[in-house]
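Working notes, beginning with the structure itself.
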Amino acid sequence: MPLPQDFVVTPDQLCVGLFIHIDLPWFSHPFSFNSFKISSAEQIKTLRGLGVRHFRYDPARSDKQPAGATTRAAPAPTPPQPPATPAEPDANPTLAAKRERIARLAERNRKVVEVEKAFVKAAGVMRNISKNLFARPKECLEEVGELVNQMVIAFLDQPEVALHVMGENPGSEETYYHGLNSSILAMMLAKELGFDRQRSQVLGVGALLHDIGLADIPDRIARPRHELSPPERRLREMHCEYGVRIGRQLGLPDPVLRIIAQHHELADGSGYPKGLKGEQMDPAARIVSLVNYYDNLCNPGDLAKAMTPHEALSLMFAQRRSKFDARALQVMIRCLGVYPPGSVVRLSNDTLALVSSVNPQRPLRPWVTVYDPQVPKDEAIMLNLEEEPEVNITKALRPIHLPPEVHEYLSPRKRVTYYFDGDPRQGRSK
């Protein structure tokens with residue numbers, strides 16, 4: 001949030017406990033944030049070496065007031081002056097690391113754009129398959145298999161970006177995006193669980209087509225934006241059986257039919273249509289059931305009821321874990337993190353940020369993109385919280401509660417983005 005313009009101090013008045021704002025471009029000073037509370041004499045020494053004549057400070061967020069300061073409005077700060085003898089760009093190792101971070105962010109953004117394009121293309125392929133599935137079943141099923149192969153290449157086999165699933169288009173395409181979300185998340189888990197390529201292929205096809213039976217359900221019930229009545233709910237639950245019937249007509253193999261039949265079964269027997277439990281379910285169906293449940297919490301038909309990824313995982317683990325395959329749920333939490341990518345969070349220094357990727361070894365300390373109106377959006381600050389021991393996540397926020405300018409800056413998707421990768425420093429997937 002903007003700091004008061006009328007409270008300023010000179011470099012000589014800086015003291016530990018003062019919350020200050022640096023009026024310089026983020027990349028031209030070595031600190032992680034433009035606004036922070038001074039915590040050491042070393043920070044004061046660095047601040048005084050920046051060549052800035054005045055620093056703005058926030059009395060309400062400071063532990064103490066600077067010597068000689070008053071509560072009356074002080075003169076507006078003079079424009080910051082660069083140091084008289086600027087150092088070489090790489091002379092300061094902290095600044096060099098920051099510039100490397102900026103370059104890393106630019107490269108990450110480039111790869112995200114590539115994966116987004118691949119995802120939109122996959123949704124288009126699914127749309128065309130759905131339109132022609134009954135007219136050209138043999139050709140369309142071959143296209144489904146090829147699509148899964150391409151998805152493996154586009155989303156799972158990239159060394160730096162293992163998975164980026166985006167579902168943001170409203171209207172009729174929601175079905176395709178949910179199928180893609182489920183398929184890619186399922187194949188991601190299958191890879192971590194040691195499925196071989198053939199089993200992963202079957203899993204990917206089954207997850208793509210798991211809702212095929214909705215084609216025989218009226219649209220207002222198949223994709224409801226209202227609370228279903230008990231008869232409507234029972235009709236919608238028939239889509240599992242309808243899907244198996246359609247799948248047999250199309251010649252789908254038995255492993256795919258089992259996924260279609262069981263994707264709403266739950267490990268504790270509370271699912272439908274048969275109330276199967278744990279080991280009674282097909283192993284691939286247990287994975288699809290898990291990711292289907294998660295994506296439906298994050299991306300329901302009524303977006304006003306959408307949970308944040310953090311809320312969805314917390315609910316599933318804390319209150320409903322008996323409903324899911326324990327190992328698959330554990331792997332999904334490890335992959336997506338306690339604060340899954342796409343989560344908007346408030347940090348302990350009151351900064352807002354968007355979780356961009358996870359640290360598998362430190363699930364409470366992911367990589368985040370920081371909201372700072374002083375920094376251009378395309379140069380947004382990206383921090384690895386593992387390297388920021390004084391900064392923690394205090395809570396996850398719903399994007400709809402954000403001020404418009406923050407929403408635009410962080411661009412949390414209308415529909416959730418899943419973005420999984422490995423250690424960004426190592427450039428490899430886990």
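Just so we're on the same page: first chain in the structure tokens is A, next is B, and so on; residues restart at 1 for each chain, and ligands are numbered from 1 in the order they show up.
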Set the distance at 12 Å and use only C-alpha atoms: which residues neighbour Pro255 (chain A) once local chain neighbours fewer than 4 positions away are removed? I'd like the list as a tab-separated table (two decimals) with N, CA and C atoms, in the first residue's frame.
```tsv
chain	number	residue	atom	x	y	z
A	198	GLN	N	2.53	-46.66	-20.48
A	198	GLN	CA	1.27	-47.19	-21.00
A	198	GLN	C	0.12	-46.93	-20.03
A	199	ARG	N	0.35	-47.18	-18.72
A	199	ARG	CA	-0.70	-46.93	-17.72
A	199	ARG	C	-1.02	-45.45	-17.64
A	200	SER	N	0.00	-44.60	-17.77
A	200	SER	CA	-0.23	-43.16	-17.75
A	200	SER	C	-1.06	-42.72	-18.96
A	201	GLN	N	-0.81	-43.36	-20.11
A	201	GLN	CA	-1.57	-43.05	-21.32
A	201	GLN	C	-3.05	-43.38	-21.12
A	202	VAL	N	-3.33	-44.56	-20.58
A	202	VAL	CA	-4.72	-44.96	-20.31
A	202	VAL	C	-5.35	-43.99	-19.32
A	203	LEU	N	-4.59	-43.64	-18.28
A	203	LEU	CA	-5.08	-42.70	-17.27
A	203	LEU	C	-5.41	-41.35	-17.90
A	204	GLY	N	-4.53	-40.87	-18.78
A	204	GLY	CA	-4.77	-39.58	-19.43
A	204	GLY	C	-6.02	-39.58	-20.28
A	205	VAL	N	-6.23	-40.67	-21.03
A	205	VAL	CA	-7.43	-40.78	-21.87
A	205	VAL	C	-8.67	-40.84	-20.99
A	206	GLY	N	-8.63	-41.67	-19.96
A	206	GLY	CA	-9.78	-41.80	-19.07
A	206	GLY	C	-10.14	-40.50	-18.38
A	207	ALA	N	-9.13	-39.75	-17.95
A	207	ALA	CA	-9.39	-38.47	-17.29
A	207	ALA	C	-9.96	-37.45	-18.28
A	210	HIS	N	-13.68	-38.59	-18.76
A	210	HIS	CA	-14.42	-39.12	-17.62
A	210	HIS	C	-15.85	-38.58	-17.53
A	244	VAL	N	-20.36	-44.93	-19.37
A	244	VAL	CA	-19.91	-46.29	-19.68
A	244	VAL	C	-20.63	-46.81	-20.90
A	247	GLY	N	-19.19	-45.10	-23.86
A	247	GLY	CA	-17.84	-45.59	-24.08
A	247	GLY	C	-17.81	-46.94	-24.75
A	248	ARG	N	-18.73	-47.81	-24.36
A	248	ARG	CA	-18.78	-49.13	-25.00
A	248	ARG	C	-19.19	-48.99	-26.46
A	251	GLY	N	-16.25	-48.06	-28.38
A	251	GLY	CA	-15.15	-49.02	-28.40
A	251	GLY	C	-14.00	-48.68	-27.48
A	259	ILE	N	-12.46	-46.09	-15.37
A	259	ILE	CA	-12.26	-44.71	-14.90
A	259	ILE	C	-13.56	-43.92	-15.03
A	260	ILE	N	-14.21	-44.04	-16.18
A	260	ILE	CA	-15.48	-43.34	-16.40
A	260	ILE	C	-16.52	-43.77	-15.37
A	261	ALA	N	-16.57	-45.08	-15.10
A	261	ALA	CA	-17.57	-45.61	-14.18
A	261	ALA	C	-17.33	-45.19	-12.73
A	262	GLN	N	-16.04	-45.01	-12.36
A	262	GLN	CA	-15.70	-44.87	-10.94
A	262	GLN	C	-15.16	-43.49	-10.55
A	281	MET	N	-11.88	-49.99	-5.89
A	281	MET	CA	-11.77	-49.07	-7.02
A	281	MET	C	-10.53	-49.39	-7.84
A	282	ASP	N	-10.61	-49.13	-9.12
A	282	ASP	CA	-9.45	-49.25	-10.00
A	282	ASP	C	-8.40	-48.23	-9.56
A	283	PRO	N	-7.10	-48.58	-9.51
A	283	PRO	CA	-6.07	-47.64	-9.07
A	283	PRO	C	-6.07	-46.34	-9.88
A	284	ALA	N	-6.26	-46.43	-11.19
A	284	ALA	CA	-6.30	-45.21	-12.01
A	284	ALA	C	-7.54	-44.38	-11.68
A	285	ALA	N	-8.66	-45.05	-11.41
A	285	ALA	CA	-9.89	-44.33	-11.06
A	285	ALA	C	-9.73	-43.59	-9.73
```
Would you return as a PDB file with N, CA, C and O atoms, in the first residue's frame the members of region 241-430 of chain A that DSSP assigns to strand (DSSP E) on this structure's backbone?
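This is the output file out07.pdb:
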```
ATOM      1  N   VAL A 344      -3.460 -16.446  -4.006  1.00  0.00           N
ATOM      2  CA  VAL A 344      -3.116 -15.070  -3.640  1.00  0.00           C
ATOM      3  C   VAL A 344      -2.938 -15.045  -2.135  1.00  0.00           C
ATOM      4  O   VAL A 344      -3.797 -15.530  -1.387  1.00  0.00           O
ATOM      5  N   VAL A 345      -1.821 -14.498  -1.659  1.00  0.00           N
ATOM      6  CA  VAL A 345      -1.491 -14.555  -0.237  1.00  0.00           C
ATOM      7  C   VAL A 345      -1.096 -13.180   0.288  1.00  0.00           C
ATOM      8  O   VAL A 345      -0.673 -12.297  -0.463  1.00  0.00           O
ATOM      9  N   ARG A 346      -1.273 -13.018   1.599  1.00  0.00           N
ATOM     10  CA  ARG A 346      -0.743 -11.841   2.287  1.00  0.00           C
ATOM     11  C   ARG A 346       0.493 -12.280   3.057  1.00  0.00           C
ATOM     12  O   ARG A 346       0.471 -13.285   3.776  1.00  0.00           O
ATOM     13  N   LEU A 347       1.588 -11.514   2.908  1.00  0.00           N
ATOM     14  CA  LEU A 347       2.829 -11.828   3.593  1.00  0.00           C
ATOM     15  C   LEU A 347       2.873 -11.118   4.942  1.00  0.00           C
ATOM     16  O   LEU A 347       2.087 -10.209   5.220  1.00  0.00           O
ATOM     17  N   LEU A 352       1.022  -8.062  -0.616  1.00  0.00           N
ATOM     18  CA  LEU A 352       0.217  -9.058  -1.301  1.00  0.00           C
ATOM     19  C   LEU A 352       1.054  -9.726  -2.388  1.00  0.00           C
ATOM     20  O   LEU A 352       1.905  -9.074  -3.009  1.00  0.00           O
ATOM     21  N   ALA A 353       0.817 -10.997  -2.617  1.00  0.00           N
ATOM     22  CA  ALA A 353       1.627 -11.725  -3.596  1.00  0.00           C
ATOM     23  C   ALA A 353       0.817 -12.881  -4.174  1.00  0.00           C
ATOM     24  O   ALA A 353      -0.189 -13.308  -3.612  1.00  0.00           O
ATOM     25  N   LEU A 354       1.297 -13.382  -5.310  1.00  0.00           N
ATOM     26  CA  LEU A 354       0.702 -14.530  -5.982  1.00  0.00           C
ATOM     27  C   LEU A 354       1.711 -15.670  -5.961  1.00  0.00           C
ATOM     28  O   LEU A 354       2.862 -15.494  -6.382  1.00  0.00           O
ATOM     29  N   VAL A 355       1.310 -16.834  -5.453  1.00  0.00           N
ATOM     30  CA  VAL A 355       2.204 -17.989  -5.449  1.00  0.00           C
ATOM     31  C   VAL A 355       2.417 -18.444  -6.889  1.00  0.00           C
ATOM     32  O   VAL A 355       1.458 -18.716  -7.608  1.00  0.00           O
ATOM     33  N   SER A 356       3.670 -18.496  -7.311  1.00  0.00           N
ATOM     34  CA  SER A 356       3.973 -18.833  -8.702  1.00  0.00           C
ATOM     35  C   SER A 356       4.472 -20.262  -8.857  1.00  0.00           C
ATOM     36  O   SER A 356       4.241 -20.891  -9.886  1.00  0.00           O
ATOM     37  N   SER A 357       5.177 -20.791  -7.872  1.00  0.00           N
ATOM     38  CA  SER A 357       5.600 -22.190  -7.927  1.00  0.00           C
ATOM     39  C   SER A 357       5.994 -22.638  -6.536  1.00  0.00           C
ATOM     40  O   SER A 357       6.163 -21.830  -5.629  1.00  0.00           O
ATOM     41  N   TRP A 367       7.741 -19.919  -4.063  1.00  0.00           N
ATOM     42  CA  TRP A 367       8.092 -18.726  -4.830  1.00  0.00           C
ATOM     43  C   TRP A 367       6.830 -17.877  -5.005  1.00  0.00           C
ATOM     44  O   TRP A 367       5.749 -18.408  -5.261  1.00  0.00           O
ATOM     45  N   VAL A 368       6.963 -16.568  -4.858  1.00  0.00           N
ATOM     46  CA  VAL A 368       5.813 -15.680  -4.997  1.00  0.00           C
ATOM     47  C   VAL A 368       6.168 -14.499  -5.899  1.00  0.00           C
ATOM     48  O   VAL A 368       7.324 -14.078  -5.972  1.00  0.00           O
ATOM     49  N   THR A 369       5.158 -13.985  -6.584  1.00  0.00           N
ATOM     50  CA  THR A 369       5.269 -12.744  -7.351  1.00  0.00           C
ATOM     51  C   THR A 369       4.593 -11.653  -6.530  1.00  0.00           C
ATOM     52  O   THR A 369       3.431 -11.792  -6.139  1.00  0.00           O
ATOM     53  N   VAL A 370       5.318 -10.579  -6.255  1.00  0.00           N
ATOM     54  CA  VAL A 370       4.900  -9.570  -5.285  1.00  0.00           C
ATOM     55  C   VAL A 370       4.177  -8.414  -5.962  1.00  0.00           C
ATOM     56  O   VAL A 370       4.590  -7.937  -7.028  1.00  0.00           O
ATOM     57  N   MET A 382       9.887 -11.234  -7.992  1.00  0.00           N
ATOM     58  CA  MET A 382       9.666 -12.653  -7.730  1.00  0.00           C
ATOM     59  C   MET A 382      10.613 -13.083  -6.625  1.00  0.00           C
ATOM     60  O   MET A 382      11.831 -12.892  -6.731  1.00  0.00           O
ATOM     61  N   LEU A 383      10.056 -13.618  -5.532  1.00  0.00           N
ATOM     62  CA  LEU A 383      10.862 -13.986  -4.381  1.00  0.00           C
ATOM     63  C   LEU A 383      10.747 -15.464  -4.076  1.00  0.00           C
ATOM     64  O   LEU A 383       9.665 -16.048  -4.192  1.00  0.00           O
ATOM     65  N   ASN A 384      11.853 -16.057  -3.669  1.00  0.00           N
ATOM     66  CA  ASN A 384      11.863 -17.393  -3.113  1.00  0.00           C
ATOM     67  C   ASN A 384      11.816 -17.220  -1.600  1.00  0.00           C
ATOM     68  O   ASN A 384      12.796 -16.802  -0.980  1.00  0.00           O
ATOM     69  N   ILE A 393       4.112 -16.329   4.938  1.00  0.00           N
ATOM     70  CA  ILE A 393       2.732 -16.191   4.478  1.00  0.00           C
ATOM     71  C   ILE A 393       1.825 -16.209   5.707  1.00  0.00           C
ATOM     72  O   ILE A 393       1.924 -17.110   6.542  1.00  0.00           O
ATOM     73  N   THR A 394       0.957 -15.216   5.816  1.00  0.00           N
ATOM     74  CA  THR A 394       0.053 -15.152   6.966  1.00  0.00           C
ATOM     75  C   THR A 394      -1.335 -15.681   6.629  1.00  0.00           C
ATOM     76  O   THR A 394      -2.016 -16.223   7.494  1.00  0.00           O
ATOM     77  N   LYS A 395      -1.786 -15.534   5.385  1.00  0.00           N
ATOM     78  CA  LYS A 395      -3.097 -16.054   5.018  1.00  0.00           C
ATOM     79  C   LYS A 395      -3.247 -16.082   3.505  1.00  0.00           C
ATOM     80  O   LYS A 395      -2.541 -15.353   2.788  1.00  0.00           O
ATOM     81  N   ALA A 396      -4.143 -16.936   3.025  1.00  0.00           N
ATOM     82  CA  ALA A 396      -4.500 -16.963   1.603  1.00  0.00           C
ATOM     83  C   ALA A 396      -5.766 -16.133   1.418  1.00  0.00           C
ATOM     84  O   ALA A 396      -6.644 -16.106   2.283  1.00  0.00           O
ATOM     85  N   LEU A 397      -5.854 -15.430   0.290  1.00  0.00           N
ATOM     86  CA  LEU A 397      -6.972 -14.534   0.011  1.00  0.00           C
ATOM     87  C   LEU A 397      -7.729 -15.013  -1.220  1.00  0.00           C
ATOM     88  O   LEU A 397      -7.152 -15.644  -2.104  1.00  0.00           O
ATOM     89  N   THR A 417      -5.317 -21.398 -11.997  1.00  0.00           N
ATOM     90  CA  THR A 417      -4.141 -21.851 -12.726  1.00  0.00           C
ATOM     91  C   THR A 417      -3.373 -22.842 -11.849  1.00  0.00           C
ATOM     92  O   THR A 417      -3.070 -22.543 -10.705  1.00  0.00           O
ATOM     93  N   TYR A 418      -3.041 -23.993 -12.414  1.00  0.00           N
ATOM     94  CA  TYR A 418      -2.145 -24.915 -11.723  1.00  0.00           C
ATOM     95  C   TYR A 418      -0.783 -24.783 -12.389  1.00  0.00           C
ATOM     96  O   TYR A 418      -0.662 -24.888 -13.590  1.00  0.00           O
ATOM     97  N   TYR A 419       0.233 -24.594 -11.589  1.00  0.00           N
ATOM     98  CA  TYR A 419       1.568 -24.421 -12.163  1.00  0.00           C
ATOM     99  C   TYR A 419       2.548 -25.153 -11.269  1.00  0.00           C
ATOM    100  O   TYR A 419       2.806 -24.742 -10.149  1.00  0.00           O
ATOM    101  N   PHE A 420       3.041 -26.272 -11.754  1.00  0.00           N
ATOM    102  CA  PHE A 420       3.939 -27.100 -10.952  1.00  0.00           C
ATOM    103  C   PHE A 420       5.282 -27.179 -11.639  1.00  0.00           C
ATOM    104  O   PHE A 420       5.384 -27.419 -12.828  1.00  0.00           O
TER     105      PHE A 420
END
```
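Shell of Lys274 (chain A) at 12 Å, with only C-alpha atoms counted and residues fewer than 3 places along the chain excluded, is Glu237, Met238, Cys240, Glu241, Ala261, Gln262, His263, His264, Glu265, Leu266, Ala267, Asp268, Gly269, Ser270, Gly271, Lys277, Gln280 and Met281 of chain A.
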| request: Apply DSSP to the structure's backbone, then extract all residues of region 271-316 of chain A labelled alpha helix (DSSP H) and return them as number ranges by chain. | output: A: 283-298, 309-316
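Restricting the calculation to only C-alpha atoms, the smallest distance between Ile287 (chain A) and any of A:Ala186, A:Leu180, A:Ala122, A:Ala67 is found for A:Ala186.
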| said: I'd like to know which of A:Ile381, A:Ile102, A:Leu47, A:Leu208 is closest to Phe33 (chain A), using only C-alpha atoms. | reply: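 Counting only C-alpha atoms, the residue closest to Phe33 (chain A) is A:Ile381.
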| message | Counting only C-alpha atoms, which residue out of A:Glu192, A:Asp58, A:Glu139, A:Glu107 sits closest to Arg334 (chain A)? | response |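 Of the candidates, the smallest distance to Arg334 (chain A) is held by A:Glu192.
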| said: I'd like the neighbourhood of Leu147 (chain A) as a PyMOL selection string, where a residue qualifies if any of its atoms comes within 8 Å (using only C-alpha atoms), though same-chain residues fewer than 3 positions away should be ignored. | reply: chain A and resi 122+125+143-144+150-151
| request: Would you kindly return, as a PyMOL selection string, each protein, DNA or RNA residue with an atom no farther than 6 Å from any atom of Val16 (chain A), considering only C-alpha atoms and excluding same-chain residues fewer than 2 positions away? | output: chain A and resi 18+38-40
| request: Name the residues in contact with Thr10 (chain A) at a cut-off of 10 Å, using only C-alpha atoms, excluding same-chain residues fewer than 6 positions from it; report them as a VMD selection string. | output: chain A and resid 48 52 to 56 66 77
| said: Would you compute the distance between CA of Ile400 (chain A) and CA of Asn349 (chain A)? Give it in Å to one decimal. | reply: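 CA of Asn349 (chain A) lies 21.6 Å from CA of Ile400 (chain A).
Nearest residue to Asp211 (chain A) among A:His226, A:Asn292, A:Leu315, A:His401 is A:Asn292, counting only C-alpha atoms.
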| task | Return the single residue from A:Ile153, A:Val391, A:Leu141, A:Ile212 that is closest to Phe119 (chain A), with distances computed using only C-alpha atoms. | result | A:Ile153
